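Everything below belongs to structure-v9.txt, which stores compact mmCIF, C-alpha atoms.
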# COMPACT_ATOMS: atom_id res chain seq x y z
CA MET A 1 27.94 -20.57 -21.23
CA LYS A 2 28.12 -17.23 -19.52
CA LYS A 3 24.76 -16.25 -20.92
CA THR A 4 23.03 -19.29 -19.43
CA GLU A 5 24.70 -18.59 -16.11
CA LYS A 6 23.34 -15.06 -16.15
CA LYS A 7 19.92 -16.41 -17.02
CA ASN A 8 20.17 -18.82 -14.10
CA THR A 9 20.94 -16.13 -11.54
CA LEU A 10 18.12 -14.03 -12.98
CA SER A 11 15.60 -16.83 -12.65
CA LYS A 12 16.97 -17.58 -9.19
CA GLN A 13 16.48 -13.93 -8.22
CA PHE A 14 12.94 -14.11 -9.58
CA ARG A 15 12.09 -17.34 -7.76
CA ASP A 16 13.65 -16.04 -4.56
CA ALA A 17 11.56 -12.87 -4.63
CA LEU A 18 8.36 -14.72 -5.46
CA PHE A 19 8.72 -17.78 -3.23
CA TYR A 20 11.81 -18.44 -1.13
CA GLN A 21 12.18 -14.83 0.02
CA ASN A 22 8.62 -13.62 -0.50
CA PRO A 23 8.46 -10.26 1.30
CA ILE A 24 5.14 -10.99 3.02
CA LEU A 25 4.98 -14.75 3.44
CA VAL A 26 8.62 -15.45 4.27
CA GLN A 27 10.29 -12.19 5.27
CA LEU A 28 7.10 -11.00 7.05
CA LEU A 29 7.66 -7.39 6.04
CA GLY A 30 5.04 -4.67 5.71
CA MET A 31 2.34 -6.46 7.68
CA CYS A 32 0.40 -3.34 8.71
CA SER A 33 -0.68 -2.25 5.26
CA THR A 34 -1.08 -5.87 4.19
CA LEU A 35 -3.72 -6.49 6.84
CA ALA A 36 -5.42 -3.16 6.28
CA ILE A 37 -5.85 -2.89 2.54
CA THR A 38 -6.50 -6.49 1.47
CA THR A 39 -10.28 -6.11 1.60
CA SER A 40 -10.62 -6.14 -2.18
CA CYS A 41 -8.59 -7.38 -5.12
CA SER A 42 -8.48 -3.98 -6.79
CA ASN A 43 -6.99 -2.54 -3.60
CA ALA A 44 -4.34 -5.25 -3.66
CA ILE A 45 -3.39 -4.48 -7.26
CA GLY A 46 -3.31 -0.73 -6.58
CA MET A 47 -1.21 -1.05 -3.44
CA GLY A 48 1.03 -3.66 -5.06
CA ALA A 49 1.64 -1.41 -8.05
CA ALA A 50 2.38 1.61 -5.85
CA VAL A 51 4.86 -0.36 -3.74
CA THR A 52 6.49 -1.89 -6.81
CA VAL A 53 7.00 1.52 -8.43
CA VAL A 54 8.42 3.06 -5.26
CA LEU A 55 10.59 0.02 -4.58
CA THR A 56 12.01 -0.09 -8.09
CA PHE A 57 12.82 3.60 -8.36
CA SER A 58 14.22 3.90 -4.85
CA ASN A 59 16.36 0.79 -5.49
CA ILE A 60 17.68 2.32 -8.71
CA LEU A 61 18.53 5.68 -7.14
CA ILE A 62 20.02 4.16 -3.99
CA SER A 63 22.10 1.79 -6.07
CA LEU A 64 23.33 4.70 -8.20
CA LEU A 65 24.28 6.69 -5.11
CA ARG A 66 25.58 3.74 -3.08
CA LYS A 67 29.21 4.78 -3.36
CA LEU A 68 28.51 8.46 -2.66
CA ILE A 69 26.40 8.03 0.48
CA PRO A 70 28.59 7.97 3.61
CA ASN A 71 27.87 4.97 5.79
CA GLN A 72 26.87 7.03 8.84
CA ILE A 73 23.93 8.72 7.16
CA ARG A 74 22.82 5.98 4.83
CA ILE A 75 19.50 5.34 6.62
CA ALA A 76 18.64 9.04 6.59
CA ALA A 77 19.52 9.27 2.91
CA PHE A 78 17.45 6.16 2.09
CA ILE A 79 14.42 7.50 3.91
CA VAL A 80 14.64 10.86 2.15
CA ILE A 81 14.80 9.14 -1.22
CA ILE A 82 11.99 6.69 -0.39
CA SER A 83 9.68 9.38 0.97
CA GLY A 84 10.35 11.48 -2.12
CA PHE A 85 9.19 8.70 -4.40
CA VAL A 86 6.21 7.88 -2.19
CA THR A 87 5.03 11.49 -2.27
CA ALA A 88 5.45 11.57 -6.03
CA VAL A 89 3.39 8.38 -6.36
CA GLN A 90 0.77 9.81 -4.02
CA LEU A 91 0.43 12.97 -6.10
CA ILE A 92 0.12 10.94 -9.28
CA ILE A 93 -2.53 8.68 -7.73
CA LYS A 94 -4.46 11.72 -6.50
CA ALA A 95 -4.32 13.26 -9.96
CA TYR A 96 -5.03 10.28 -12.16
CA PHE A 97 -6.49 7.43 -10.07
CA GLN A 98 -9.06 9.03 -7.82
CA SER A 99 -10.98 5.91 -6.88
CA LEU A 100 -7.73 4.30 -5.78
CA ASP A 101 -6.96 7.38 -3.71
CA ALA A 102 -10.33 7.03 -1.99
CA SER A 103 -9.87 3.35 -1.15
CA LEU A 104 -6.18 3.31 -0.22
CA GLY A 105 -6.20 6.68 1.51
CA VAL A 106 -3.67 6.95 4.31
CA PHE A 107 -1.84 3.77 3.34
CA ILE A 108 -0.07 5.40 0.42
CA PRO A 109 1.94 7.85 2.56
CA LEU A 110 2.59 4.95 4.93
CA ILE A 111 4.60 3.19 2.21
CA VAL A 112 7.46 5.42 3.41
CA VAL A 113 7.75 3.35 6.55
CA ASN A 114 6.91 0.06 4.86
CA CYS A 115 9.75 -2.20 5.94
CA ILE A 116 9.98 -3.90 2.53
CA ILE A 117 11.40 -0.84 0.86
CA LEU A 118 13.95 0.09 3.52
CA ALA A 119 14.90 -3.55 3.90
CA ARG A 120 15.61 -3.94 0.18
CA ALA A 121 17.51 -0.65 0.12
CA GLU A 122 19.67 -1.71 3.03
CA ALA A 123 20.07 -5.38 2.16
CA TYR A 124 20.29 -5.24 -1.61
CA ALA A 125 20.35 -1.92 -3.46
CA SER A 126 23.10 -0.40 -1.31
CA LYS A 127 25.39 -3.34 -2.17
CA ASN A 128 24.55 -4.17 -5.78
CA ALA A 129 24.73 -2.62 -9.22
CA VAL A 130 21.87 -0.67 -10.77
CA ILE A 131 20.29 -3.27 -13.04
CA PRO A 132 20.16 -6.12 -10.50
CA SER A 133 18.77 -3.63 -7.98
CA ALA A 134 16.07 -2.50 -10.38
CA LEU A 135 15.18 -6.14 -11.08
CA ASP A 136 15.17 -6.84 -7.35
CA GLY A 137 12.66 -4.02 -6.92
CA ILE A 138 10.41 -5.33 -9.67
CA PHE A 139 10.59 -8.96 -8.54
CA MET A 140 10.04 -8.17 -4.87
CA GLY A 141 7.15 -5.94 -5.89
CA ILE A 142 5.60 -8.79 -7.85
CA GLY A 143 6.07 -11.13 -4.89
CA TYR A 144 4.42 -8.57 -2.62
CA THR A 145 1.53 -8.01 -5.03
CA GLY A 146 1.02 -11.74 -5.47
CA ALA A 147 0.73 -12.36 -1.75
CA LEU A 148 -1.62 -9.39 -1.36
CA LEU A 149 -3.75 -10.67 -4.22
CA ILE A 150 -4.17 -14.16 -2.76
CA LEU A 151 -5.08 -12.75 0.65
CA SER A 152 -7.52 -10.19 -0.71
CA ALA A 153 -9.12 -12.67 -3.13
CA VAL A 154 -10.03 -14.92 -0.20
CA ARG A 155 -11.21 -11.99 1.91
CA GLU A 156 -13.26 -10.42 -0.86
CA LEU A 157 -14.83 -13.75 -1.78
CA ALA A 158 -15.74 -14.67 1.79
CA GLY A 159 -16.62 -11.18 2.97
CA TYR A 160 -18.48 -9.73 0.00
CA GLY A 161 -19.00 -12.72 -2.29
CA SER A 162 -17.27 -10.91 -5.13
CA PHE A 163 -14.06 -10.96 -7.14
CA PHE A 164 -12.57 -7.68 -8.39
CA GLY A 165 -15.86 -6.03 -7.45
CA ILE A 166 -17.91 -8.43 -9.59
CA SER A 167 -20.60 -10.07 -7.49
CA LEU A 168 -20.52 -13.83 -7.88
CA PHE A 169 -23.33 -15.16 -5.71
CA GLY A 170 -26.13 -12.71 -6.37
CA ASP A 171 -27.70 -10.14 -4.05
CA ASP A 172 -28.88 -12.61 -1.42
CA PHE A 173 -25.33 -13.49 -0.42
CA VAL A 174 -24.51 -12.58 3.17
CA GLY A 175 -20.76 -12.27 3.62
CA ILE A 176 -18.79 -13.44 6.61
CA GLN A 177 -18.22 -10.18 8.42
CA MET A 178 -15.03 -11.38 10.11
CA PHE A 179 -13.12 -11.67 6.86
CA VAL A 180 -13.78 -8.02 6.09
CA LEU A 181 -12.40 -6.92 9.47
CA PRO A 182 -8.73 -6.96 10.53
CA ALA A 183 -9.31 -9.96 12.83
CA GLY A 184 -10.12 -12.17 9.85
CA ALA A 185 -7.11 -10.78 8.01
CA PHE A 186 -4.82 -11.78 10.88
CA ILE A 187 -6.16 -15.33 11.00
CA LEU A 188 -6.10 -15.76 7.22
CA LEU A 189 -2.58 -14.39 6.95
CA GLY A 190 -1.39 -16.79 9.65
CA VAL A 191 -2.96 -19.74 7.87
CA MET A 192 -1.50 -18.58 4.58
CA ILE A 193 2.02 -18.26 6.00
CA ALA A 194 1.74 -21.72 7.54
CA ILE A 195 0.59 -23.35 4.30
CA PHE A 196 3.14 -21.48 2.22
CA ASN A 197 6.06 -22.44 4.42
CA ARG A 198 4.89 -26.05 4.59
CA LEU A 199 4.87 -26.16 0.78
CA LEU A 200 8.29 -24.53 0.61
CA ALA A 201 9.73 -27.01 3.09
CA ALA A 202 8.23 -29.93 1.16
CA HIS A 203 9.67 -28.55 -2.06
CA GLU A 204 13.10 -28.12 -0.52
CA ALA A 205 13.08 -31.65 0.88
CA HIS A 206 12.11 -32.96 -2.54
CA GLU A 207 14.96 -31.06 -4.22
CA LYS A 208 17.44 -32.31 -1.66
CA LYS A 209 16.33 -35.90 -2.18
CA LYS A 210 16.74 -35.51 -5.91
CA ASN A 211 20.23 -34.08 -5.53
CA ASN A 212 21.25 -36.78 -3.06
CA ALA A 213 20.02 -39.49 -5.40
CA ALA A 214 22.04 -37.99 -8.22
CA LEU A 215 25.12 -37.85 -6.01
CA THR A 216 24.68 -41.45 -4.88
CA THR A 217 24.57 -42.74 -8.45
CA ALA A 218 27.67 -40.73 -9.20
CA ALA A 219 29.30 -42.20 -6.11
CA GLY A 220 28.77 -45.66 -7.54
CA ALA A 221 31.19 -44.81 -10.36
CA LYS A 222 34.42 -43.41 -9.01
CA SER A 223 35.15 -41.86 -5.66
CA SER A 224 37.61 -39.27 -6.91
CA GLU A 225 35.21 -38.16 -9.61
CA THR A 226 32.41 -37.70 -7.10
CA GLU A 227 34.55 -35.65 -4.81
CA SER A 228 35.68 -33.37 -7.56
CA ALA A 229 32.07 -33.01 -8.73
CA ALA A 230 31.02 -32.08 -5.23
CA GLU A 231 33.85 -29.62 -4.96
CA ASN A 232 32.78 -28.15 -8.24
CA GLU A 233 29.34 -27.70 -6.75
CA ILE A 234 30.77 -25.68 -3.86
CA ALA A 235 32.75 -23.57 -6.28
CA GLY A 236 29.60 -23.05 -8.31
CA VAL A 237 27.69 -21.90 -5.27
CA ARG A 238 30.53 -19.56 -4.34
CA GLU A 239 30.67 -18.13 -7.84
CA SER A 240 26.99 -17.47 -8.08
CA GLY A 241 27.25 -15.49 -4.85
CA GLY A 242 25.12 -18.00 -2.98
CA SER A 243 24.30 -17.50 0.66
CA ASP A 244 25.93 -19.29 3.55
CA ALA A 245 22.93 -21.57 3.73
CA ALA A 246 23.44 -22.70 0.15
CA LEU A 247 27.11 -23.29 0.87
CA LYS A 248 26.27 -25.34 3.93
CA ASP A 249 23.75 -27.24 1.89
CA ALA A 250 26.43 -28.11 -0.65
CA CYS A 251 28.85 -29.09 2.13
CA GLY A 252 26.18 -31.32 3.59
CA LYS A 253 25.76 -32.99 0.23
CA ILE A 254 29.47 -33.69 0.04
CA GLY A 255 29.32 -35.16 3.51
CA ASP A 256 26.48 -37.40 2.43
CA ALA A 257 28.36 -38.46 -0.66
CA VAL A 258 31.48 -39.28 1.29
CA GLU A 259 29.40 -41.28 3.76
CA ASN A 260 27.81 -43.22 0.94
CA LEU A 261 31.22 -43.91 -0.50
CA SER A 262 32.70 -45.22 2.72
CA GLU A 263 29.63 -47.38 3.24
CA GLU A 264 30.16 -48.89 -0.13
CA ASP A 265 33.86 -49.34 0.52
CA GLY A 266 32.95 -51.21 3.69
CA LYS A 267 30.84 -53.60 1.66
CA MET B 1 38.10 1.86 2.88
CA LYS B 2 39.52 3.82 5.79
CA GLU B 3 37.15 6.40 7.21
CA ARG B 4 38.51 9.89 7.22
CA SER B 5 38.12 11.54 10.58
CA GLY B 6 37.74 15.10 11.75
CA PHE B 7 35.98 18.12 10.43
CA GLY B 8 36.11 17.10 6.78
CA THR B 9 34.00 14.01 7.40
CA TYR B 10 31.23 16.01 8.99
CA VAL B 11 31.21 18.51 6.17
CA ARG B 12 31.06 15.70 3.65
CA ILE B 13 28.21 13.99 5.49
CA ALA B 14 26.20 17.19 5.76
CA LEU B 15 26.83 18.11 2.14
CA THR B 16 25.83 14.69 0.85
CA LEU B 17 22.58 14.73 2.76
CA CYS B 18 21.92 18.28 1.57
CA ILE B 19 22.47 17.30 -2.05
CA ILE B 20 20.26 14.22 -1.78
CA THR B 21 17.51 16.23 -0.13
CA ALA B 22 17.76 18.94 -2.78
CA LEU B 23 17.62 16.30 -5.50
CA VAL B 24 14.49 14.72 -4.03
CA GLY B 25 13.00 18.17 -3.48
CA ALA B 26 13.53 19.03 -7.12
CA LEU B 27 11.91 15.76 -8.18
CA LEU B 28 8.88 16.49 -6.01
CA ALA B 29 8.61 20.06 -7.27
CA GLY B 30 8.51 18.68 -10.80
CA VAL B 31 5.82 16.09 -10.02
CA ASN B 32 3.81 18.67 -8.12
CA LEU B 33 4.00 21.06 -11.06
CA LEU B 34 2.62 18.36 -13.33
CA THR B 35 -0.17 17.18 -11.04
CA ALA B 36 -1.28 20.22 -9.01
CA ASP B 37 -3.78 21.52 -11.55
CA ARG B 38 -5.33 18.15 -12.06
CA ILE B 39 -5.62 17.42 -8.34
CA GLU B 40 -7.33 20.75 -7.75
CA GLU B 41 -9.67 20.10 -10.64
CA ASN B 42 -10.47 16.65 -9.21
CA ASN B 43 -11.25 18.15 -5.82
CA ARG B 44 -13.45 20.78 -7.38
CA LYS B 45 -15.22 18.13 -9.41
CA ALA B 46 -15.85 16.04 -6.28
CA VAL B 47 -17.37 19.07 -4.53
CA ASN B 48 -19.48 19.96 -7.55
CA GLU B 49 -20.77 16.44 -7.88
CA ALA B 50 -21.76 16.36 -4.22
CA VAL B 51 -23.60 19.67 -4.55
CA ALA B 52 -25.27 18.57 -7.77
CA SER B 53 -26.54 15.38 -6.13
CA ILE B 54 -28.45 17.53 -3.63
CA PHE B 55 -29.54 20.53 -5.70
CA GLY B 56 -29.41 19.21 -9.24
CA GLU B 57 -27.78 21.37 -11.86
CA CYS B 58 -26.56 24.56 -10.24
CA SER B 59 -23.59 26.86 -9.83
CA THR B 60 -21.73 27.39 -6.58
CA ASP B 61 -19.96 30.26 -4.96
CA GLU B 62 -17.69 29.73 -1.97
CA ILE B 63 -18.49 32.12 0.89
CA SER B 64 -16.84 32.88 4.22
CA PHE B 65 -18.27 31.56 7.46
CA SER B 66 -17.62 31.44 11.19
CA ASP B 67 -17.78 28.04 12.83
CA ASP B 68 -17.29 27.05 16.48
CA THR B 69 -17.35 23.29 16.07
CA GLY B 70 -14.27 22.99 13.84
CA LEU B 71 -16.07 20.49 11.63
CA VAL B 72 -17.00 22.82 8.78
CA LYS B 73 -14.47 22.94 5.97
CA SER B 74 -16.16 25.21 3.50
CA VAL B 75 -19.55 26.72 2.68
CA TYR B 76 -20.97 27.27 -0.78
CA ALA B 77 -23.90 29.39 -1.78
CA VAL B 78 -25.93 27.61 -4.43
CA GLU B 79 -27.54 29.35 -7.35
CA LYS B 80 -30.02 27.60 -9.57
CA ALA B 81 -31.03 29.24 -12.81
CA ALA B 82 -29.73 32.60 -11.48
CA ASP B 83 -31.89 32.25 -8.36
CA PHE B 84 -30.58 31.68 -4.85
CA ALA B 85 -31.37 28.07 -3.96
CA GLY B 86 -29.63 27.52 -0.60
CA PHE B 87 -26.28 26.56 0.87
CA CYS B 88 -24.04 23.58 0.83
CA VAL B 89 -21.87 23.02 3.88
CA TYR B 90 -18.85 20.77 3.47
CA VAL B 91 -18.14 19.08 6.80
CA SER B 92 -15.53 16.64 8.02
CA SER B 93 -16.67 14.69 11.05
CA ASN B 94 -14.82 11.93 12.89
CA GLY B 95 -16.48 8.54 12.78
CA TYR B 96 -15.17 5.15 13.80
CA GLY B 97 -12.63 4.80 11.01
CA GLY B 98 -11.41 8.38 10.74
CA ALA B 99 -12.80 11.48 9.12
CA ALA B 100 -16.03 11.17 7.14
CA GLU B 101 -16.54 14.02 4.70
CA PHE B 102 -19.94 14.98 3.43
CA MET B 103 -21.97 17.82 2.05
CA VAL B 104 -25.01 19.06 3.91
CA GLY B 105 -27.49 20.94 1.76
CA ILE B 106 -29.50 23.66 3.48
CA GLY B 107 -32.48 25.08 1.64
CA THR B 108 -33.70 28.67 1.58
CA ASP B 109 -35.97 27.80 4.53
CA GLY B 110 -32.93 26.93 6.69
CA LYS B 111 -33.83 23.23 6.77
CA VAL B 112 -31.67 20.29 5.66
CA SER B 113 -32.40 19.63 2.02
CA GLY B 114 -30.11 16.67 1.52
CA ILE B 115 -26.85 14.98 2.46
CA SER B 116 -24.25 13.76 0.03
CA VAL B 117 -21.28 11.73 1.28
CA VAL B 118 -17.95 12.54 -0.39
CA SER B 119 -15.71 10.08 1.41
CA HIS B 120 -15.65 7.95 4.53
CA SER B 121 -13.65 5.05 5.92
CA GLU B 122 -16.22 3.40 8.19
CA THR B 123 -16.34 -0.35 8.78
CA PRO B 124 -17.88 -2.26 5.87
CA ASN B 125 -21.36 -3.61 6.67
CA ILE B 126 -21.48 -1.63 9.93
CA GLY B 127 -20.65 2.05 9.49
CA THR B 128 -21.64 1.82 5.85
CA LYS B 129 -25.24 1.35 7.01
CA VAL B 130 -25.06 5.02 7.91
CA PHE B 131 -22.99 6.58 5.14
CA ASP B 132 -23.82 4.37 2.17
CA ASP B 133 -27.56 4.12 2.72
CA PRO B 134 -29.45 6.88 0.85
CA GLU B 135 -32.63 6.03 2.73
CA TYR B 136 -31.03 6.68 6.10
CA LEU B 137 -29.38 9.86 4.88
CA SER B 138 -32.67 11.16 3.54
CA GLY B 139 -34.10 10.84 7.07
CA TYR B 140 -32.40 14.15 7.84
CA GLU B 141 -34.26 16.05 5.14
CA GLY B 142 -36.57 18.78 6.35
CA LEU B 143 -35.04 18.99 9.82
CA SER B 144 -33.64 22.13 11.44
CA GLY B 145 -32.45 23.44 14.79
CA THR B 146 -30.21 21.36 17.03
CA LEU B 147 -30.81 17.71 16.35
CA SER B 148 -30.45 14.73 18.67
CA PHE B 149 -31.22 11.03 18.40
CA GLY B 150 -34.82 10.05 19.03
CA ASN B 151 -35.86 13.50 17.95
CA GLY B 152 -36.62 13.15 14.26
CA VAL B 153 -33.56 11.00 13.54
CA ASP B 154 -32.44 7.68 14.92
CA ALA B 155 -28.99 6.17 15.36
CA ILE B 156 -28.28 2.86 13.65
CA ALA B 157 -27.82 0.09 16.19
CA GLY B 158 -24.22 -1.15 16.26
CA ALA B 159 -23.01 1.89 14.37
CA THR B 160 -23.37 4.51 17.06
CA ARG B 161 -20.08 6.25 16.32
CA SER B 162 -20.83 6.49 12.61
CA SER B 163 -24.35 7.73 13.31
CA THR B 164 -23.00 10.29 15.77
CA ALA B 165 -20.43 11.48 13.25
CA LEU B 166 -23.21 12.21 10.80
CA LEU B 167 -25.36 13.88 13.45
CA ASN B 168 -22.47 16.08 14.62
CA GLY B 169 -21.70 17.12 11.07
CA VAL B 170 -25.30 18.06 10.32
CA ASN B 171 -25.60 19.94 13.60
CA ALA B 172 -22.41 21.85 12.83
CA ALA B 173 -23.84 22.84 9.46
CA LEU B 174 -27.15 23.93 10.99
CA ALA B 175 -25.36 25.79 13.80
CA LEU B 176 -23.85 28.16 11.25
CA GLY B 177 -27.29 29.76 11.17
CA LEU B 178 -27.03 30.49 7.48
CA SER B 179 -29.69 32.72 6.07
CA GLN B 180 -30.25 34.45 2.80
CA ASP B 181 -28.47 37.52 4.22
CA ASP B 182 -25.23 35.59 4.11
CA TYR B 183 -25.47 35.47 0.36
CA PRO B 184 -24.19 38.85 -0.79
CA SER B 185 -25.36 38.93 -4.38
CA VAL B 186 -29.03 38.37 -3.49
CA SER B 187 -30.64 41.61 -2.56
Take the structure in the file and write it out as structure tokens.
Amino acid sequence: MKKTEKKNTLSKQFRDALFYQNPILVQLLGMCSTLAITTSCSNAIGMGAAVTVVLTFSNILISLLRKLIPNQIRIAAFIVIISGFVTAVQLIIKAYFQSLDASLGVFIPLIVVNCIILARAEAYASKNAVIPSALDGIFMGIGYTGALLILSAVRELAGYGSFFGISLFGDDFVGIQMFVLPAGAFILLGVMIAIFNRLLAAHEAHEKKKNNAALTTAAGAKSSETESAAENEIAGVRESGGSDAALKDACGKIGDAVENLSEEDGK
Amino acid sequence: MKERSGFGTYVRIALTLCIITALVGALLAGVNLLTADRIEENNRKAVNEAVASIFGECSTDEISFSDDTGLVKSVYAVEKAADFAGFCVYVSSNGYGGAAEFMVGIGTDGKVSGISVVSHSETPNIGTKVFDDPEYLSGYEGLSGTLSFGNGVDAIAGATRSSTALLNGVNAALALGLSQDDYPSVS
């Protein structure tokens, strides 16, 4: 029982990082480097990997030190730790991945001020244990890389007619210059965010409908049972450390259930 | 938790930050120790490759220089089969997208013998017409003196800043006035 619960929070953390709290498409963090480096898929993978490594290690260290760092200097301490890891990653890239160094250039040192990393340090790693923080780093990194990859795949395809540097349409292909330039990146990113959030909203509405339907059938049985089930749901949300929004959601469901019940009573 | 106040708090804050900084410093020192040799070797390899693409197989010797433009990063004397073959001037010139770094080869006659681009960050499909096009780069070969557009070389339309970056770099290399006398081991 406990094991499945753990698995559930893990998969929830994963889904949150990838979709519901995607660092680029939902949280809108780290836009500068996103727009600049997504000209090719290999750039996206390189940058995504660099950010994931820095994010994971800084999350681990910050989580380890979270009780030792006085509140007043936490931001300074976070930045020192983050910039340390970024410099280490930069040295390693310079030493072992030269072509990546040439194409990513100044954007590696700029990871220091990438909001994703400070945001995760402040919002998550400084409040949670080491292993969840490490997982948070990895998952958020994957979410970041995924968004970069989609954006850069479209830009590379439209701008150069290639995918991961492999030309798809032959030498006669003339790319759309705008997609290579930042202007195209802005427009594409906007469209992507719009589509992504539309899909998320549709998915959420679908889930809600499903839950409501389940509650209504339950309401048909016994009113007391339904209420206790709904209360259980709130308790479940509380236990799993759910956000206020989730709690409200659950409360709303109870409200709906009660409404359904009274309607039926009226009949 | 109740915050302690007074002098002790400040000492604790300062100490914590000191320890964290020292910790990160130690980490970086370690990484640097592991990568420094390799990074230097990579840089040397990049320089050697650029020289080799102009002069073919050769050996280089870094020499001192005096430069007024601030664009020249280093100068190498080039020896080919134990004979003096010319100079390579490593310049860093600002284009549209930041510094473009390239090697300007200067033959024994004091004329440009070739240009090899090491790195640049010019706009794809615009500035790259200057720095990624061997045909355009070879247009500089055989020129000497102070160059300007319309006088042996042309700018690429739409990529004026990139073209100018290249021109400035080549001019800086030529302005060094390198001659065989600057190469000490040739008598």
Which residues of chain B are close to chain A, meaning at most 9 Å apart when you count all atoms listed in the file, and how do they look as a JSON list (two decimals) with C-alpha atoms, in the coordinates of the input?
[["chain", "number", "residue", "atom", "x", "y", "z"],
["B", 9, "THR", "CA", 34.00, 14.01, 7.40],
["B", 12, "ARG", "CA", 31.06, 15.70, 3.65],
["B", 13, "ILE", "CA", 28.21, 13.99, 5.49],
["B", 14, "ALA", "CA", 26.20, 17.19, 5.76],
["B", 16, "THR", "CA", 25.83, 14.69, 0.85],
["B", 17, "LEU", "CA", 22.58, 14.73, 2.76],
["B", 20, "ILE", "CA", 20.26, 14.22, -1.78],
["B", 21, "THR", "CA", 17.51, 16.23, -0.13],
["B", 23, "LEU", "CA", 17.62, 16.30, -5.50],
["B", 24, "VAL", "CA", 14.49, 14.72, -4.03],
["B", 25, "GLY", "CA", 13.00, 18.17, -3.48],
["B", 27, "LEU", "CA", 11.91, 15.76, -8.18],
["B", 28, "LEU", "CA", 8.88, 16.49, -6.01],
["B", 31, "VAL", "CA", 5.82, 16.09, -10.02],
["B", 32, "ASN", "CA", 3.81, 18.67, -8.12],
["B", 34, "LEU", "CA", 2.62, 18.36, -13.33],
["B", 35, "THR", "CA", -0.17, 17.18, -11.04],
["B", 36, "ALA", "CA", -1.28, 20.22, -9.01],
["B", 37, "ASP", "CA", -3.78, 21.52, -11.55],
["B", 38, "ARG", "CA", -5.33, 18.15, -12.06],
["B", 39, "ILE", "CA", -5.62, 17.42, -8.34],
["B", 40, "GLU", "CA", -7.33, 20.75, -7.75],
["B", 41, "GLU", "CA", -9.67, 20.10, -10.64],
["B", 42, "ASN", "CA", -10.47, 16.65, -9.21],
["B", 119, "SER", "CA", -15.71, 10.08, 1.41],
["B", 120, "HIS", "CA", -15.65, 7.95, 4.53],
["B", 121, "SER", "CA", -13.65, 5.05, 5.92],
["B", 123, "THR", "CA", -16.34, -0.35, 8.78],
["B", 124, "PRO", "CA", -17.88, -2.26, 5.87],
["B", 125, "ASN", "CA", -21.36, -3.61, 6.67]]
Contacts of stretch 143-154 of chain B within 12 Å, only C-alpha atoms, excl. fewer than 5 positions in-chain, as a PyMOL selection string: chain B and resi 104-115+130+135-138+159-160+162-178
Protein, DNA and RNA residues within 8 Å of (13.9, 4.0, -2.1), all atoms listed in the file, as a PyMOL selection string: chain A and resi 54-62+78-79+81-83+85+117-118+121
Separation of atom CA of A:Phe164 from atom CA of A:Leu188, in Å and rounded to one decimal: 18.7 Å
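From atom CA of B:Ser59 back to atom CA of B:Phe84, the distance works out to 9.8 Å.
We find atom CA of B:Ser116 and atom CA of B:Ser53 to be spaced 6.8 Å apart.
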Who sits within 12 Å of A:His203, all atoms listed in the file, same chain under 6 positions skipped, as a list in words: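 These residues fall inside the cut-off: Phe19, Tyr20, Phe196, Asn197, Lys209 and Lys210 of chain A.
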Emit as JSON the padded axis-aligned box for all listed atoms of stretch 171-183 of chain B, 6 Å per side, with centre and edge lengths in Å to one decimal.
{"center_x": -26.3, "center_y": 28.7, "center_z": 7.1, "size_x": 19.8, "size_y": 29.6, "size_z": 25.4}
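Neighbouring residues of A:Cys41 at 9 Å or closer, counting only C-alpha atoms and skipping chain neighbours under 4 positions away, are Ile45, Gly46, Leu148, Leu149, Ile150, Leu151, Ser152, Ala153, Arg155, Glu156, Phe163, Phe164 and Gly165 of chain A.
With all atoms listed in the file as the basis for measurement, B:Val89 is the residue among B:Gly98, B:Gly6, B:Asp133, B:Val89 that approaches B:Ser66 most closely.
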